[in-house]
Amino acid sequence: MSAGILYLHGFCSSPASWKARSLGVAMNARGLAERFFCPALSFVPNEAIAQAERIIDSVAGPLTL
């Protein structure tokens with residue numbers, strides 16, 4: 001199984017940023033779109049952490065942040 005990627009954008013960014021979209025396109029081109037996670041993070045730090053933790057807990061196999 002290929003490692004997944006959890007892309008955590010900055011607090012002034014979003015999944016629509018150029019870097020996030022480019023990485024998503026590259027993962028899709030390799031047939032790994034389902035292993036790319038780039039959530040729209042909350043602006044509240046504790047909620048953003050909780051969002052990331054939920055994804056980490058739900059993913060089977062290796063995950064790179």
# chains A, B, ... in the order shown; residues from 1 in each chain; ligands from 1
$ select_by_dssp --residues "chain A" --states "helix (DSSP H, G or I)" --output "ChimeraX atom specification"
/A:18-29,33-35,45-58
$ residues_around --residues "Ile5 in chain A" --least-positions-apart "3" --cutoff "8 Å" --atoms "only C-alpha atoms" --output "PyMOL selection string"
chain A and resi 35-37+63-65
$ write_last_selection --atoms "all heavy atoms" --output "short mmCIF file (atom, residue, chain, number, x, y, z; two decimals), in the first residue's frame"
data_model
loop_
_atom_site.label_atom_id
_atom_site.label_comp_id
_atom_site.auth_asym_id
_atom_site.auth_seq_id
_atom_site.Cartn_x
_atom_site.Cartn_y
_atom_site.Cartn_z
N ARG A 35 -5.63 8.61 -1.52
CA ARG A 35 -4.61 8.63 -0.45
C ARG A 35 -4.15 10.06 -0.16
O ARG A 35 -3.20 10.27 0.57
CB ARG A 35 -3.40 7.77 -0.83
CG ARG A 35 -3.70 6.31 -1.13
CD ARG A 35 -4.04 5.48 0.07
NE ARG A 35 -2.93 5.49 1.01
CZ ARG A 35 -3.08 5.29 2.32
NH1 ARG A 35 -4.26 5.09 2.83
NH2 ARG A 35 -2.04 5.32 3.12
N PHE A 36 -4.82 11.05 -0.75
CA PHE A 36 -4.47 12.46 -0.53
C PHE A 36 -5.57 13.12 0.28
O PHE A 36 -6.74 13.10 -0.09
CB PHE A 36 -4.31 13.18 -1.87
CG PHE A 36 -3.98 14.64 -1.73
CD1 PHE A 36 -2.79 15.06 -1.16
CD2 PHE A 36 -4.87 15.61 -2.17
CE1 PHE A 36 -2.49 16.41 -1.03
CE2 PHE A 36 -4.58 16.96 -2.05
CZ PHE A 36 -3.38 17.35 -1.47
N PHE A 37 -5.20 13.70 1.39
CA PHE A 37 -6.14 14.35 2.31
C PHE A 37 -5.70 15.80 2.50
O PHE A 37 -4.57 16.06 2.91
CB PHE A 37 -6.15 13.63 3.66
CG PHE A 37 -6.42 12.16 3.52
CD1 PHE A 37 -5.37 11.26 3.38
CD2 PHE A 37 -7.71 11.68 3.49
CE1 PHE A 37 -5.60 9.90 3.24
CE2 PHE A 37 -7.96 10.32 3.34
CZ PHE A 37 -6.89 9.44 3.22
N LEU A 63 0.92 7.12 6.73
CA LEU A 63 0.44 8.45 6.39
C LEU A 63 1.55 9.44 6.66
O LEU A 63 2.15 9.45 7.73
CB LEU A 63 -0.79 8.80 7.23
CG LEU A 63 -1.48 10.13 6.93
CD1 LEU A 63 -2.12 10.09 5.54
CD2 LEU A 63 -2.54 10.41 7.98
N THR A 64 1.84 10.28 5.70
CA THR A 64 2.85 11.31 5.82
C THR A 64 2.16 12.65 6.00
O THR A 64 1.19 12.94 5.32
CB THR A 64 3.74 11.36 4.55
OG1 THR A 64 4.36 10.09 4.39
CG2 THR A 64 4.77 12.44 4.64
N LEU A 65 2.67 13.46 6.93
CA LEU A 65 2.12 14.79 7.14
C LEU A 65 3.03 15.80 6.51
O LEU A 65 4.21 15.72 6.61
CB LEU A 65 1.97 15.09 8.63
CG LEU A 65 0.76 14.47 9.28
CD1 LEU A 65 1.03 13.06 9.68
CD2 LEU A 65 0.34 15.31 10.43
#
$ atom_distance --atom1 "CA of Ile49 in chain A" --atom2 "CA of Ser22 in chain A"
23.6 Å
$ select_by_dssp --residues "chain A" --states "strand (DSSP E or B)" --output "list in words"
Gly4, Ile5, Leu6, Phe36, Phe37, Leu63 and Thr64 of chain A
$ residues_around --residues "Ser13 in chain A" --least-positions-apart "3" --cutoff "9 Å" --atoms "only C-alpha atoms" --output "ChimeraX atom specification"
/A:9-10,16-17,40-41
$ write_last_selection --atoms "N, CA, C and O atoms" --output "PDB file, in the first residue's frame"
ATOM      1  N   HIS A   9      -2.519  22.760   5.262  1.00  0.00           N
ATOM      2  CA  HIS A   9      -2.250  24.112   4.772  1.00  0.00           C
ATOM      3  C   HIS A   9      -2.181  25.085   5.942  1.00  0.00           C
ATOM      4  O   HIS A   9      -2.621  24.782   7.056  1.00  0.00           O
ATOM      5  N   GLY A  10      -1.661  26.236   5.712  1.00  0.00           N
ATOM      6  CA  GLY A  10      -1.545  27.255   6.749  1.00  0.00           C
ATOM      7  C   GLY A  10      -2.885  27.883   7.087  1.00  0.00           C
ATOM      8  O   GLY A  10      -3.883  27.702   6.383  1.00  0.00           O
ATOM      9  N   ALA A  16      -7.760  25.075  -1.737  1.00  0.00           N
ATOM     10  CA  ALA A  16      -7.785  25.660  -3.076  1.00  0.00           C
ATOM     11  C   ALA A  16      -6.472  26.358  -3.438  1.00  0.00           C
ATOM     12  O   ALA A  16      -6.347  26.883  -4.538  1.00  0.00           O
ATOM     13  N   SER A  17      -5.489  26.326  -2.543  1.00  0.00           N
ATOM     14  CA  SER A  17      -4.214  26.978  -2.842  1.00  0.00           C
ATOM     15  C   SER A  17      -3.512  26.265  -3.998  1.00  0.00           C
ATOM     16  O   SER A  17      -3.778  25.096  -4.289  1.00  0.00           O
ATOM     17  N   ALA A  40     -10.268  21.341   4.654  1.00  0.00           N
ATOM     18  CA  ALA A  40     -10.422  22.775   4.902  1.00  0.00           C
ATOM     19  C   ALA A  40     -10.351  22.949   6.414  1.00  0.00           C
ATOM     20  O   ALA A  40     -11.310  22.669   7.128  1.00  0.00           O
ATOM     21  N   LEU A  41      -9.201  23.353   6.897  1.00  0.00           N
ATOM     22  CA  LEU A  41      -8.974  23.434   8.330  1.00  0.00           C
ATOM     23  C   LEU A  41      -9.689  24.616   8.967  1.00  0.00           C
ATOM     24  O   LEU A  41      -9.773  25.698   8.385  1.00  0.00           O
TER      25      LEU A  41
END
$ residues_around --residues "Gln51 in chain A" --least-positions-apart "5" --cutoff "9 Å" --atoms "only C-alpha atoms" --output "JSON, numbers by chain"
{"A": [39, 41, 42, 46, 56]}
$ residues_around --residues "Ala60 in chain A" --least-positions-apart "6" --cutoff "12 Å" --atoms "only C-alpha atoms" --output "PyMOL selection string"
chain A and resi 1-5+34-35
$ residues_around --residues "Gly24 in chain A" --least-positions-apart "5" --cutoff "9 Å" --atoms "only C-alpha atoms" --output "PyMOL selection string"
chain A and resi 19+29+32-33+36-38
$ decode --residues "chain A" --atoms "C-alpha atoms" --output "tab-separated table (two decimals), in the first residue's frame"
chain	number	residue	atom	x	y	z
A	1	MET	CA	0.00	0.00	0.00
A	2	SER	CA	1.26	3.45	-0.88
A	3	ALA	CA	1.65	5.98	1.88
A	4	GLY	CA	-1.05	8.59	2.16
A	5	ILE	CA	-0.41	12.30	2.43
A	6	LEU	CA	-2.15	14.61	4.87
A	7	TYR	CA	-1.50	18.12	3.58
A	8	LEU	CA	-1.98	20.67	6.35
A	9	HIS	CA	-2.25	24.11	4.77
A	10	GLY	CA	-1.55	27.25	6.75
A	11	PHE	CA	-4.17	29.25	8.63
A	12	CYS	CA	-4.33	31.85	5.84
A	13	SER	CA	-4.55	29.21	3.12
A	14	SER	CA	-7.01	26.54	1.96
A	15	PRO	CA	-7.31	23.33	-0.08
A	16	ALA	CA	-7.79	25.66	-3.08
A	17	SER	CA	-4.21	26.98	-2.84
A	18	TRP	CA	-1.89	26.40	-5.78
A	19	LYS	CA	0.37	24.01	-3.85
A	20	ALA	CA	-2.51	21.94	-2.46
A	21	ARG	CA	-4.19	21.65	-5.87
A	22	SER	CA	-0.90	20.77	-7.59
A	23	LEU	CA	-0.19	17.99	-5.13
A	24	GLY	CA	-3.74	16.69	-5.50
A	25	VAL	CA	-3.37	16.63	-9.29
A	26	ALA	CA	-0.04	14.78	-9.00
A	27	MET	CA	-1.52	12.19	-6.63
A	28	ASN	CA	-4.49	11.72	-8.97
A	29	ALA	CA	-2.17	11.24	-11.97
A	30	ARG	CA	-0.50	8.40	-10.07
A	31	GLY	CA	-3.82	6.78	-9.24
A	32	LEU	CA	-3.51	7.79	-5.58
A	33	ALA	CA	-6.25	10.41	-5.25
A	34	GLU	CA	-7.89	8.43	-2.44
A	35	ARG	CA	-4.61	8.63	-0.45
A	36	PHE	CA	-4.47	12.46	-0.53
A	37	PHE	CA	-6.14	14.35	2.31
A	38	CYS	CA	-6.30	18.14	2.36
A	39	PRO	CA	-9.11	19.25	4.65
A	40	ALA	CA	-10.42	22.78	4.90
A	41	LEU	CA	-8.97	23.43	8.33
A	42	SER	CA	-10.77	25.43	10.97
A	43	PHE	CA	-9.33	28.81	11.93
A	44	VAL	CA	-9.64	27.66	15.57
A	45	PRO	CA	-6.33	25.90	16.39
A	46	ASN	CA	-7.80	23.20	18.65
A	47	GLU	CA	-10.45	22.36	16.06
A	48	ALA	CA	-7.83	22.20	13.28
A	49	ILE	CA	-5.84	19.76	15.43
A	50	ALA	CA	-8.97	17.68	16.05
A	51	GLN	CA	-9.69	17.60	12.29
A	52	ALA	CA	-6.19	16.32	11.56
A	53	GLU	CA	-6.42	13.74	14.35
A	54	ARG	CA	-9.71	12.39	12.97
A	55	ILE	CA	-8.12	11.87	9.56
A	56	ILE	CA	-5.01	10.26	11.06
A	57	ASP	CA	-7.19	7.88	13.09
A	58	SER	CA	-9.31	6.94	10.08
A	59	VAL	CA	-6.56	6.18	7.56
A	60	ALA	CA	-5.30	2.63	7.18
A	61	GLY	CA	-1.62	2.22	6.43
A	62	PRO	CA	1.20	4.74	6.46
A	63	LEU	CA	0.44	8.45	6.39
A	64	THR	CA	2.85	11.31	5.82
A	65	LEU	CA	2.12	14.79	7.14
